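Report on the following structure.
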Amino acid sequence: MTKVVEISPTTRHEGHSKLTLKVDDQGIVERGDWLSITPVRGIEKLAIGKTMEQVPKIASRVCGICPIAHTLASTEAMEASIGCEIPEDAKLLRVILHAANRLHSIALHNILILPDFYIPGTETKFNMFTKEEPARSVMARIARIREIGQTIGAITGGEAIHPSNPRIGGMYQNVSSRAKQKMADLAKEGLVLAHEQMEFMLEVIRNMQNRGFVEVGGKQIPIPKTLGYHNQGVMATSPMYGSSSLDEKPMWDIARWKETRPWDWYMGEVTIDLEDPSYPLGGTTKVGTKANPRMEACNGVPMYDGQPVEVGPRARLSTFKNFDEKGTFAQHIARQMEYPDCCYTILKCLDDLNTSGKVVADNIPLGDGSLGWAANEAPRGTDVHLAKVKDGRVLWYEMLVPTTWNFPTCSRALAGAPWEIAEMVVRAYDPCVSCATHMIVLDEENKIVAQKLMQW
Amino acid sequence: MMIEDPYLGRYVTCVSARSTDKEILKKAQDGGIATALMVYALEQGIIDGTIVAGEGDRPWQSKPAVAMSREDILKAQGTKYNISPQISWLKEATRSYGLDKVGITGVCCQMQAVRKAQLYPINMRDIPGKVAFTVGLFCMENFPYKSMQSIVEDHAAQSLSSVKKMEITKGKFWVYTERGNVATVPLKDTHKYEQPGCHVCLDYVSNLGDISTGSVGSPDGWSTVFIRTKVGNEIWSRAVADGMFETKPIEEVKPGLDLLRKLAKEKIDKNQKTIEERKTFGVNKALRNPYA
């Protein structure tokens, strides 16, 4: 008999989300819904009427984990709308900034997922806060990788979190030759550490994949071979940086995108009738509680070719590098494989960077209201921002952030997994929930959605 | 052993000194202490670069700059009696300039700002540990650029472009020009041009610098130097051992610490009074006391 169990909130990722799961007698998920319960930020509405210079700064405030991706995607969406080409050196600085952000974000994600994994050859899971080896030296390495990523980001971006240097038309200033050398030295140090960390993580992940069972809340839970498999397809715009509507060959197609409501995708009201007080930490939601995912979801459901798609490292690798594994472990593997790429990209861009080159476009048009979009491959997937700018003011603005794409996709990927390890599936997407909150109120007929949404 | 003085702050030692570098002395305001110290720290690798009051777009306008070579530091020599927002470059120095060890020269309030930024690094991420060496200057008050322009061009009737040196000493504002003119303005005429913030400042000798220096208390061409912190003491000892400075005990020079203490007392007591007055100024709400 189908029972409903709810894990709320999910832990060890950014933001607040929950899992509402219909499970069979063996505890295997038949239908899963993973949804954002972070309140809507309203950035897209705040943006209207603001100057195009302001909006990227506001948009980046949606979250502190990948503000660089938001700043860059937003800035480039404005540039795409007004039709502004930026100088080569500004582009290089942006790519360095982007790669530095990805480097430290992957390392951060390592800290979040490692407690799910076993130290190879033992029956002990990682505790990242002990002084015991190997956790201590791994943690030290992660901290250094993050420091390197953030320092490089601070030099090119002016600030590692919410960068101040990117602007419409390029960057505010170029870096000094001393700063360039410093970044190169850091990236070379980072490259060695990134390789070590990647090798270590791959060993840990493969070890986990080859285990039959994992212990959750004192119970042995089997790990299916198909953990996290789905048939939703993948979407990526570039192996490293991104794409925009100004590109010669844009890698994202606005005609294939459609925004739908959580109402259409998530399940209706259910009553929780399965509860496990031993589930870490503090047990699952109490029996008898009502849940209503289609009403509670604070995320949108964007479709690409009529279906939700997966974005992220696995999507990038399978689109551009023929990576053919699927599922939760493949996502982890793909993410670790991006480690060295970040450092190589930084070093290559630094080779090409001219520190006395100009970094602001000579001509920055004010815009005629035409639509522009820019996709930035954030650490956790494709971050698409769309904008219409007229006379320097934003008329319309939309953010399609990575985890928004992943919410409905991951919900499907939950099917077939024991519910106790559903959170592991979620974490493999490196979810960053707070930016993924999104609200649409009006549909084509201008009423139905609003009525459904507003019944509180 | 630390000496504590209510008007001169805490310091390890105080000496009268001047640089032994001929090139520095040529353009120095007094003893060339700040310039020589920063050049020395740069050459010894104690700092990677320093924030100085460089040349602005207009004559005698000062504009903060990040100097990463001896030449750049020397370009910023001499006192320019107008505001140079040094701390606005503190963050940028560690960002696009790529500095890890930043030196800062500045006046009293700027030393306060640096220490505050180190203590509460709001919007100053990663800055506290990167401030390697600070040299504070004695400061009675400062002027906005336009005020200085009025003093020099209207009161002293000299063209700013031909001014060679400016100085405040012996109760007057002195202007020396390229062609040998010397004009003075009594300080009672310049007071109204001071920036108001200076009237609540309770620091005359940069109590919070690693080393603080200024002309008052020493003979012409020499500077009074307070060595205040461990960092300052170490750099100063090394620099003196390396022959960068000639020094004389402050007790043996005229006019000596007494004059300095007298001026410091004058400034602090006067400004303390302004702060007291501000307590009762305004409707239902006092003006802010920056030290409260």
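Naming works like this for the structure tokens: A, B, ... for the chains as they're shown, residue 1 at the start of each chain, ligands 1 onward in shown order.
Proximity to chain A at a cut-off of 6 Å picks out Arg95, Ser96, Tyr97 and Gly98 of chain B on chain B, counting only C-alpha atoms.
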Next, dump the selected residues to file, keeping only C-alpha atoms, as a compact mmCIF listing (two decimals), in the first residue's frame.
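Done, and the output landed in part-v3.txt:
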```
# COMPACT_ATOMS: atom_id res chain seq x y z
CA ARG B 95 42.03 43.30 -4.87
CA SER B 96 42.99 44.42 -8.36
CA TYR B 97 46.45 45.56 -7.20
CA GLY B 98 47.06 42.13 -5.67
```
- Message: For a test of reading the model, state the distance in Å between atom CA of Gly242 of chain A and atom CA of Ile106 of chain A, rounded to one decimal.
- Response: 17.6 Å
- Item | Filtered DSSP result for segment 120-367 of chain A, state strand (DSSP E or B), as a PyMOL selection string | chain A and resi 125+166-167+170-171+213-216+219-222+234+242-244+257-260+270-271+290-291+299+301-304+307+310+360
Next, the residues of the selection above should be written as a PDB file, in the first residue's frame with C-alpha atoms.
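Contents of selection-v3.pdb, freshly written:
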```pdb
ATOM      1  CA  LYS A 125      31.220   7.690   7.565  1.00  0.00           C
ATOM      2  CA  PRO A 166      31.726  43.456 -13.360  1.00  0.00           C
ATOM      3  CA  ARG A 167      29.670  46.190 -15.006  1.00  0.00           C
ATOM      4  CA  GLY A 170      32.896  45.043 -19.316  1.00  0.00           C
ATOM      5  CA  MET A 171      34.645  45.491 -15.990  1.00  0.00           C
ATOM      6  CA  PHE A 213      24.202  -0.850   1.689  1.00  0.00           C
ATOM      7  CA  VAL A 214      24.321   2.397   3.551  1.00  0.00           C
ATOM      8  CA  GLU A 215      23.384   2.973   7.178  1.00  0.00           C
ATOM      9  CA  VAL A 216      20.765   5.637   7.850  1.00  0.00           C
ATOM     10  CA  LYS A 219      19.079   0.830   9.598  1.00  0.00           C
ATOM     11  CA  GLN A 220      20.874  -0.787   6.662  1.00  0.00           C
ATOM     12  CA  ILE A 221      19.429   0.650   3.464  1.00  0.00           C
ATOM     13  CA  PRO A 222      20.206  -0.998   0.110  1.00  0.00           C
ATOM     14  CA  VAL A 234      20.129  17.258 -20.013  1.00  0.00           C
ATOM     15  CA  GLY A 242      28.199  30.085 -20.894  1.00  0.00           C
ATOM     16  CA  SER A 243      26.488  31.622 -23.868  1.00  0.00           C
ATOM     17  CA  SER A 244      24.315  34.588 -24.733  1.00  0.00           C
ATOM     18  CA  TRP A 257      11.717  27.114 -23.164  1.00  0.00           C
ATOM     19  CA  LYS A 258       8.345  27.368 -21.481  1.00  0.00           C
ATOM     20  CA  GLU A 259       7.516  28.321 -17.931  1.00  0.00           C
ATOM     21  CA  THR A 260       4.863  26.285 -16.156  1.00  0.00           C
ATOM     22  CA  VAL A 270      -1.758  14.356   0.854  1.00  0.00           C
ATOM     23  CA  THR A 271      -1.740  13.245   4.474  1.00  0.00           C
ATOM     24  CA  LYS A 290      -1.153  17.538   5.724  1.00  0.00           C
ATOM     25  CA  ALA A 291       1.154  18.365   2.833  1.00  0.00           C
ATOM     26  CA  ASN A 299       9.766  27.272  -7.325  1.00  0.00           C
ATOM     27  CA  VAL A 301       8.798  24.542 -13.318  1.00  0.00           C
ATOM     28  CA  PRO A 302      10.659  25.564 -16.462  1.00  0.00           C
ATOM     29  CA  MET A 303      10.410  23.210 -19.411  1.00  0.00           C
ATOM     30  CA  TYR A 304      12.847  22.760 -22.241  1.00  0.00           C
ATOM     31  CA  GLN A 307      10.044  18.555 -20.312  1.00  0.00           C
ATOM     32  CA  GLU A 310      18.813  18.241 -15.733  1.00  0.00           C
ATOM     33  CA  VAL A 360      35.154  48.853 -20.761  1.00  0.00           C
TER      34      VAL A 360
END
```
Give me, as a Markdown table, the closest atom pair and its distance (Å, one decimal) for every residue of segment 265-382 of chain A within a cut-off of 10 Å of segment 245-251 of chain A, counting only C-alpha atoms, rows sorted by chain and rising number.
```
| residue | atom | partner | partner_atom | distance |
| --- | --- | --- | --- | --- |
| A:Leu371 | CA | A:Ser245 | CA | 8.8 |
| A:Gly372 | CA | A:Ser245 | CA | 5.9 |
| A:Trp373 | CA | A:Ser245 | CA | 5.5 |
| A:Ala374 | CA | A:Ser245 | CA | 6.3 |
| A:Ala375 | CA | A:Met251 | CA | 8.5 |
```
- Long-range neighbours of segment 397-412 of chain A as a ChimeraX atom specification, 6 Å cut-off, only C-alpha atoms, 3 positions minimum in chain: /A:32-34,44,308-310,381-387,415,431,436
With N, CA and C atoms retained, write the just-selected residues as a compact mmCIF listing (two decimals), in the first residue's frame.
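Wrote again06.txt, looks like this:
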```
# COMPACT_ATOMS: atom_id res chain seq x y z
N GLY A 32 8.12 10.93 -6.18
CA GLY A 32 8.73 11.87 -5.24
C GLY A 32 8.50 13.29 -5.70
N ASP A 33 8.32 14.18 -4.75
CA ASP A 33 8.26 15.59 -5.07
C ASP A 33 9.28 16.32 -4.21
N TRP A 34 10.18 16.99 -4.87
CA TRP A 34 11.18 17.80 -4.16
C TRP A 34 10.88 19.25 -4.49
N GLU A 44 12.75 39.56 -9.54
CA GLU A 44 12.39 39.89 -10.92
C GLU A 44 11.45 41.09 -10.99
N PRO A 308 10.96 19.04 -18.10
CA PRO A 308 12.06 19.53 -17.25
C PRO A 308 13.34 18.79 -17.62
N VAL A 309 14.46 19.47 -17.46
CA VAL A 309 15.74 18.86 -17.82
C VAL A 309 16.71 18.96 -16.65
N GLU A 310 17.77 18.16 -16.75
CA GLU A 310 18.81 18.24 -15.73
C GLU A 310 19.88 19.21 -16.20
N GLY A 381 24.81 24.37 -12.45
CA GLY A 381 24.04 24.23 -13.69
C GLY A 381 23.86 25.53 -14.43
N THR A 382 23.01 25.47 -15.45
CA THR A 382 22.84 26.60 -16.33
C THR A 382 21.97 27.67 -15.69
N ASP A 383 22.52 28.85 -15.57
CA ASP A 383 21.80 29.97 -14.97
C ASP A 383 21.46 30.94 -16.10
N VAL A 384 20.19 30.96 -16.50
CA VAL A 384 19.80 31.82 -17.61
C VAL A 384 19.09 33.06 -17.07
N HIS A 385 19.55 34.22 -17.47
CA HIS A 385 18.84 35.46 -17.14
C HIS A 385 18.34 36.07 -18.44
N LEU A 386 17.11 36.58 -18.41
CA LEU A 386 16.54 37.21 -19.60
C LEU A 386 16.15 38.63 -19.24
N ALA A 387 16.36 39.55 -20.16
CA ALA A 387 16.05 40.94 -19.84
C ALA A 387 15.64 41.71 -21.08
N ALA A 415 12.26 8.38 -7.90
CA ALA A 415 11.52 7.13 -8.02
C ALA A 415 12.49 5.96 -8.09
N PRO A 431 22.12 21.35 -4.69
CA PRO A 431 21.04 22.33 -4.79
C PRO A 431 21.36 23.64 -4.09
N ALA A 436 16.28 29.65 -6.38
CA ALA A 436 15.38 28.92 -7.26
C ALA A 436 13.91 29.20 -6.95
```
- Message: For the structure I just gave you, how does DSSP split segment 88-205 of chain A - specifically, which residues are helix (DSSP H, G or I)? Reply as JSON, numbers by chain.
- Response: {"A": [88, 89, 90, 91, 92, 93, 94, 95, 96, 97, 98, 99, 100, 101, 102, 103, 104, 105, 106, 107, 108, 109, 110, 111, 112, 113, 114, 115, 116, 135, 136, 137, 138, 139, 140, 141, 142, 143, 144, 145, 146, 147, 148, 149, 150, 151, 152, 153, 154, 155, 156, 157, 177, 178, 179, 180, 181, 182, 183, 184, 185, 186, 187, 188, 189, 190, 191, 192, 193, 194, 195, 196, 197, 198, 199, 200, 201, 202, 203, 204, 205]}
- Query: What lies within 10 Å of segment 79-89 of chain A using only C-alpha atoms, ignoring chain neighbours under 3 positions off, as a ChimeraX atom specification?
  - Reply: /A:52,73-76,92-95,167-171,174,244-247,349-350,352-374,386-392,394
- For Arg12 of chain A, list every protein, DNA or RNA residue within 12 Å, evaluated using only C-alpha atoms, and leave out those in the same chain fewer than 4 positions away; present the list as a PyMOL selection string. chain A and resi 16-17+108-116+280-281+423-424+426-433
Non-local contacts of segment 225-229 of chain B (8 Å; only C-alpha atoms; under 2 positions in same chain excluded) as a CSV table (one decimal) with all heavy atoms, in the first residue's frame:
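The new file out02.csv reads:
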```csv
chain,number,residue,atom,x,y,z
B,10,ARG,N,50.0,56.5,23.5
B,10,ARG,CA,51.0,55.5,24.0
B,10,ARG,C,52.1,55.4,23.0
B,10,ARG,O,51.9,55.3,21.8
B,10,ARG,CB,50.3,54.2,24.1
B,10,ARG,CG,49.3,54.1,25.3
B,10,ARG,CD,48.2,53.1,24.9
B,10,ARG,NE,48.8,51.7,24.8
B,10,ARG,CZ,48.9,50.9,25.8
B,10,ARG,NH1,48.5,51.2,27.0
B,10,ARG,NH2,49.4,49.7,25.6
B,11,TYR,N,53.3,55.4,23.5
B,11,TYR,CA,54.5,55.2,22.6
B,11,TYR,C,55.6,54.6,23.3
B,11,TYR,O,55.7,54.6,24.5
B,11,TYR,CB,54.9,56.5,21.9
B,11,TYR,CG,55.3,57.6,22.8
B,11,TYR,CD1,56.6,57.8,23.2
B,11,TYR,CD2,54.3,58.5,23.4
B,11,TYR,CE1,57.0,58.9,24.0
B,11,TYR,CE2,54.7,59.5,24.2
B,11,TYR,CZ,56.0,59.7,24.5
B,11,TYR,OH,56.3,60.8,25.4
B,12,VAL,N,56.5,53.9,22.5
B,12,VAL,CA,57.6,53.3,23.1
B,12,VAL,C,58.8,54.3,23.3
B,12,VAL,O,59.3,54.4,24.4
B,12,VAL,CB,58.1,52.1,22.2
B,12,VAL,CG1,59.3,51.4,22.9
B,12,VAL,CG2,57.0,51.2,21.9
B,13,THR,N,59.1,55.0,22.2
B,13,THR,CA,60.1,56.0,22.3
B,13,THR,C,59.7,57.2,21.4
B,13,THR,O,58.8,57.0,20.5
B,13,THR,CB,61.5,55.6,21.8
B,13,THR,OG1,61.3,54.9,20.6
B,13,THR,CG2,62.2,54.8,22.8
B,14,CYS,N,60.3,58.3,21.6
B,14,CYS,CA,60.1,59.4,20.8
B,14,CYS,C,61.5,60.0,20.5
B,14,CYS,O,62.3,60.2,21.4
B,14,CYS,CB,59.2,60.5,21.5
B,14,CYS,SG,59.0,61.9,20.5
B,15,VAL,N,61.8,60.3,19.2
B,15,VAL,CA,63.0,60.9,18.8
B,15,VAL,C,62.8,62.0,17.8
B,15,VAL,O,61.7,62.1,17.2
B,15,VAL,CB,64.0,59.8,18.2
B,15,VAL,CG1,64.5,58.8,19.2
B,15,VAL,CG2,63.4,59.2,17.0
B,16,SER,N,63.9,62.8,17.6
B,16,SER,CA,63.9,63.7,16.5
B,16,SER,C,64.7,63.1,15.4
B,16,SER,O,65.8,62.6,15.7
B,16,SER,CB,64.4,65.0,17.0
B,16,SER,OG,64.2,66.0,16.0
B,17,ALA,N,64.3,63.1,14.2
B,17,ALA,CA,65.0,62.3,13.1
B,17,ALA,C,64.9,63.0,11.8
B,17,ALA,O,64.0,63.8,11.5
B,17,ALA,CB,64.5,60.9,13.1
B,33,ILE,N,60.5,61.5,6.9
B,33,ILE,CA,60.4,60.3,7.6
B,33,ILE,C,59.4,59.3,7.0
B,33,ILE,O,59.7,58.1,6.7
B,33,ILE,CB,59.9,60.6,9.1
B,33,ILE,CG1,60.8,61.5,9.8
B,33,ILE,CG2,59.8,59.3,9.9
B,33,ILE,CD1,62.2,61.0,10.0
B,207,ASN,N,47.6,58.7,17.2
B,207,ASN,CA,47.8,57.7,18.3
B,207,ASN,C,47.8,56.3,17.8
B,207,ASN,O,48.3,55.4,18.5
B,207,ASN,CB,46.8,57.9,19.4
B,207,ASN,CG,47.0,59.2,20.2
B,207,ASN,OD1,48.1,59.7,20.2
B,207,ASN,ND2,45.9,59.6,20.8
B,208,LEU,N,47.1,56.0,16.7
B,208,LEU,CA,46.9,54.6,16.3
B,208,LEU,C,47.8,54.2,15.2
B,208,LEU,O,47.7,53.1,14.7
B,208,LEU,CB,45.4,54.4,15.9
B,208,LEU,CG,44.4,54.7,17.1
B,208,LEU,CD1,43.0,54.5,16.6
B,208,LEU,CD2,44.7,53.8,18.3
B,209,GLY,N,48.7,55.0,14.8
B,209,GLY,CA,49.7,54.5,13.8
B,209,GLY,C,50.7,53.6,14.4
B,209,GLY,O,50.9,53.6,15.6
B,210,ASP,N,51.4,52.8,13.6
B,210,ASP,CA,52.5,52.0,14.1
B,210,ASP,C,53.7,53.0,14.4
B,210,ASP,O,54.4,52.8,15.4
B,210,ASP,CB,53.1,51.1,13.0
B,210,ASP,CG,52.1,49.9,12.9
B,210,ASP,OD1,51.5,49.5,13.9
B,210,ASP,OD2,51.9,49.4,11.7
B,211,ILE,N,53.8,54.0,13.6
B,211,ILE,CA,54.8,55.1,13.8
B,211,ILE,C,54.1,56.4,13.5
B,211,ILE,O,53.3,56.4,12.5
B,211,ILE,CB,56.0,54.9,13.0
B,211,ILE,CG1,56.9,53.7,13.4
B,211,ILE,CG2,56.9,56.2,13.0
B,211,ILE,CD1,58.1,53.5,12.6
B,212,SER,N,54.2,57.4,14.3
B,212,SER,CA,53.6,58.7,13.8
B,212,SER,C,54.7,59.8,13.8
B,212,SER,O,55.7,59.8,14.6
B,212,SER,CB,52.4,59.1,14.7
B,212,SER,OG,52.8,59.1,16.0
B,213,THR,N,54.5,60.7,12.9
B,213,THR,CA,55.6,61.7,12.7
B,213,THR,C,55.0,63.0,12.2
B,213,THR,O,53.9,63.1,11.7
B,213,THR,CB,56.6,61.1,11.6
B,213,THR,OG1,57.6,62.1,11.4
B,213,THR,CG2,55.9,60.9,10.3
B,214,GLY,N,55.8,64.1,12.5
B,214,GLY,CA,55.4,65.4,12.0
B,214,GLY,C,56.5,66.4,12.4
B,214,GLY,O,57.4,66.0,13.1
B,223,SER,N,62.1,65.9,11.9
B,223,SER,CA,60.8,65.5,12.3
B,223,SER,C,60.8,64.9,13.6
B,223,SER,O,61.8,64.2,14.0
B,223,SER,CB,60.2,64.5,11.3
B,223,SER,OG,60.1,65.1,10.0
B,231,VAL,N,55.3,46.4,15.8
B,231,VAL,CA,55.7,46.4,14.3
B,231,VAL,C,56.5,47.7,14.0
B,231,VAL,O,57.6,47.6,13.4
B,231,VAL,CB,54.4,46.5,13.5
B,231,VAL,CG1,54.7,46.6,12.0
B,231,VAL,CG2,53.6,45.2,13.7
B,232,GLY,N,56.0,48.8,14.5
B,232,GLY,CA,56.7,50.1,14.3
B,232,GLY,C,58.1,50.1,14.9
B,232,GLY,O,59.1,50.5,14.3
B,233,ASN,N,58.2,49.5,16.1
B,233,ASN,CA,59.5,49.5,16.8
B,233,ASN,C,60.5,48.7,16.0
B,233,ASN,O,61.7,49.0,15.8
B,233,ASN,CB,59.3,48.9,18.2
B,233,ASN,CG,60.4,49.3,19.1
B,233,ASN,OD1,61.3,50.0,18.7
B,233,ASN,ND2,60.4,48.7,20.3
B,236,TRP,N,61.5,50.5,12.8
B,236,TRP,CA,62.3,51.6,13.1
B,236,TRP,C,63.7,51.2,13.5
B,236,TRP,O,64.7,51.8,13.0
B,236,TRP,CB,61.6,52.5,14.2
B,236,TRP,CG,62.4,53.7,14.5
B,236,TRP,CD1,63.2,53.9,15.6
B,236,TRP,CD2,62.5,54.9,13.7
B,236,TRP,NE1,63.8,55.1,15.6
B,236,TRP,CE2,63.4,55.8,14.4
B,236,TRP,CE3,61.9,55.3,12.5
B,236,TRP,CZ2,63.7,57.1,14.0
B,236,TRP,CZ3,62.2,56.6,12.1
B,236,TRP,CH2,63.1,57.4,12.8
```
Could you list, as a PDB file with N, CA and C atoms, in the first residue's frame, every residue within 12 Å of Arg261 of chain B, counting only C-alpha atoms and ignoring same-chain residues fewer than 4 positions away?
```pdb
ATOM      1  N   ASP B   5      50.737  59.078  27.596  1.00  0.00           N
ATOM      2  CA  ASP B   5      50.548  60.514  27.788  1.00  0.00           C
ATOM      3  C   ASP B   5      49.126  60.849  27.353  1.00  0.00           C
ATOM      4  N   PRO B   6      48.397  61.613  28.166  1.00  0.00           N
ATOM      5  CA  PRO B   6      46.997  61.887  27.805  1.00  0.00           C
ATOM      6  C   PRO B   6      46.858  62.618  26.467  1.00  0.00           C
ATOM      7  N   TYR B   7      47.888  63.349  26.064  1.00  0.00           N
ATOM      8  CA  TYR B   7      47.749  64.110  24.814  1.00  0.00           C
ATOM      9  C   TYR B   7      48.582  63.526  23.670  1.00  0.00           C
ATOM     10  N   LEU B   8      49.619  62.766  24.024  1.00  0.00           N
ATOM     11  CA  LEU B   8      50.491  62.235  22.975  1.00  0.00           C
ATOM     12  C   LEU B   8      50.308  60.737  22.763  1.00  0.00           C
ATOM     13  N   GLY B   9      49.380  60.136  23.489  1.00  0.00           N
ATOM     14  CA  GLY B   9      49.077  58.730  23.276  1.00  0.00           C
ATOM     15  C   GLY B   9      50.126  57.803  23.862  1.00  0.00           C
ATOM     16  N   PHE B 138      51.081  63.915  12.056  1.00  0.00           N
ATOM     17  CA  PHE B 138      50.444  64.883  12.959  1.00  0.00           C
ATOM     18  C   PHE B 138      49.461  65.702  12.135  1.00  0.00           C
ATOM     19  N   ASP B 203      42.532  63.694  18.366  1.00  0.00           N
ATOM     20  CA  ASP B 203      43.840  63.097  18.147  1.00  0.00           C
ATOM     21  C   ASP B 203      44.689  64.079  17.354  1.00  0.00           C
ATOM     22  N   TYR B 204      45.881  64.380  17.866  1.00  0.00           N
ATOM     23  CA  TYR B 204      46.745  65.309  17.152  1.00  0.00           C
ATOM     24  C   TYR B 204      47.958  64.595  16.572  1.00  0.00           C
ATOM     25  N   VAL B 205      48.366  63.491  17.219  1.00  0.00           N
ATOM     26  CA  VAL B 205      49.647  62.896  16.854  1.00  0.00           C
ATOM     27  C   VAL B 205      49.499  61.458  16.354  1.00  0.00           C
ATOM     28  N   VAL B 216      56.282  69.270  14.206  1.00  0.00           N
ATOM     29  CA  VAL B 216      56.216  69.995  15.469  1.00  0.00           C
ATOM     30  C   VAL B 216      57.094  69.352  16.538  1.00  0.00           C
ATOM     31  N   GLY B 217      57.877  70.178  17.222  1.00  0.00           N
ATOM     32  CA  GLY B 217      58.736  69.681  18.296  1.00  0.00           C
ATOM     33  C   GLY B 217      60.184  69.556  17.886  1.00  0.00           C
ATOM     34  N   PRO B 255      62.043  72.962  19.680  1.00  0.00           N
ATOM     35  CA  PRO B 255      61.360  73.292  20.930  1.00  0.00           C
ATOM     36  C   PRO B 255      60.969  72.072  21.755  1.00  0.00           C
ATOM     37  N   GLY B 256      61.073  70.893  21.210  1.00  0.00           N
ATOM     38  CA  GLY B 256      60.873  69.716  22.028  1.00  0.00           C
ATOM     39  C   GLY B 256      59.421  69.347  22.281  1.00  0.00           C
ATOM     40  N   LEU B 257      59.245  68.301  23.118  1.00  0.00           N
ATOM     41  CA  LEU B 257      57.912  67.743  23.342  1.00  0.00           C
ATOM     42  C   LEU B 257      56.953  68.722  23.993  1.00  0.00           C
ATOM     43  N   LYS B 265      47.262  69.591  23.343  1.00  0.00           N
ATOM     44  CA  LYS B 265      46.292  69.940  24.383  1.00  0.00           C
ATOM     45  C   LYS B 265      45.310  70.966  23.834  1.00  0.00           C
ATOM     46  N   GLU B 266      45.860  71.941  23.095  1.00  0.00           N
ATOM     47  CA  GLU B 266      45.001  72.970  22.502  1.00  0.00           C
ATOM     48  C   GLU B 266      43.933  72.352  21.614  1.00  0.00           C
ATOM     49  N   LYS B 267      44.380  71.468  20.686  1.00  0.00           N
ATOM     50  CA  LYS B 267      43.441  70.854  19.745  1.00  0.00           C
ATOM     51  C   LYS B 267      42.420  70.010  20.484  1.00  0.00           C
ATOM     52  N   ILE B 268      42.913  69.140  21.365  1.00  0.00           N
ATOM     53  CA  ILE B 268      42.016  68.176  21.999  1.00  0.00           C
ATOM     54  C   ILE B 268      41.031  68.884  22.927  1.00  0.00           C
ATOM     55  N   ASP B 269      41.530  69.848  23.711  1.00  0.00           N
ATOM     56  CA  ASP B 269      40.626  70.560  24.618  1.00  0.00           C
ATOM     57  C   ASP B 269      39.565  71.348  23.845  1.00  0.00           C
TER      58      ASP B 269
END
```
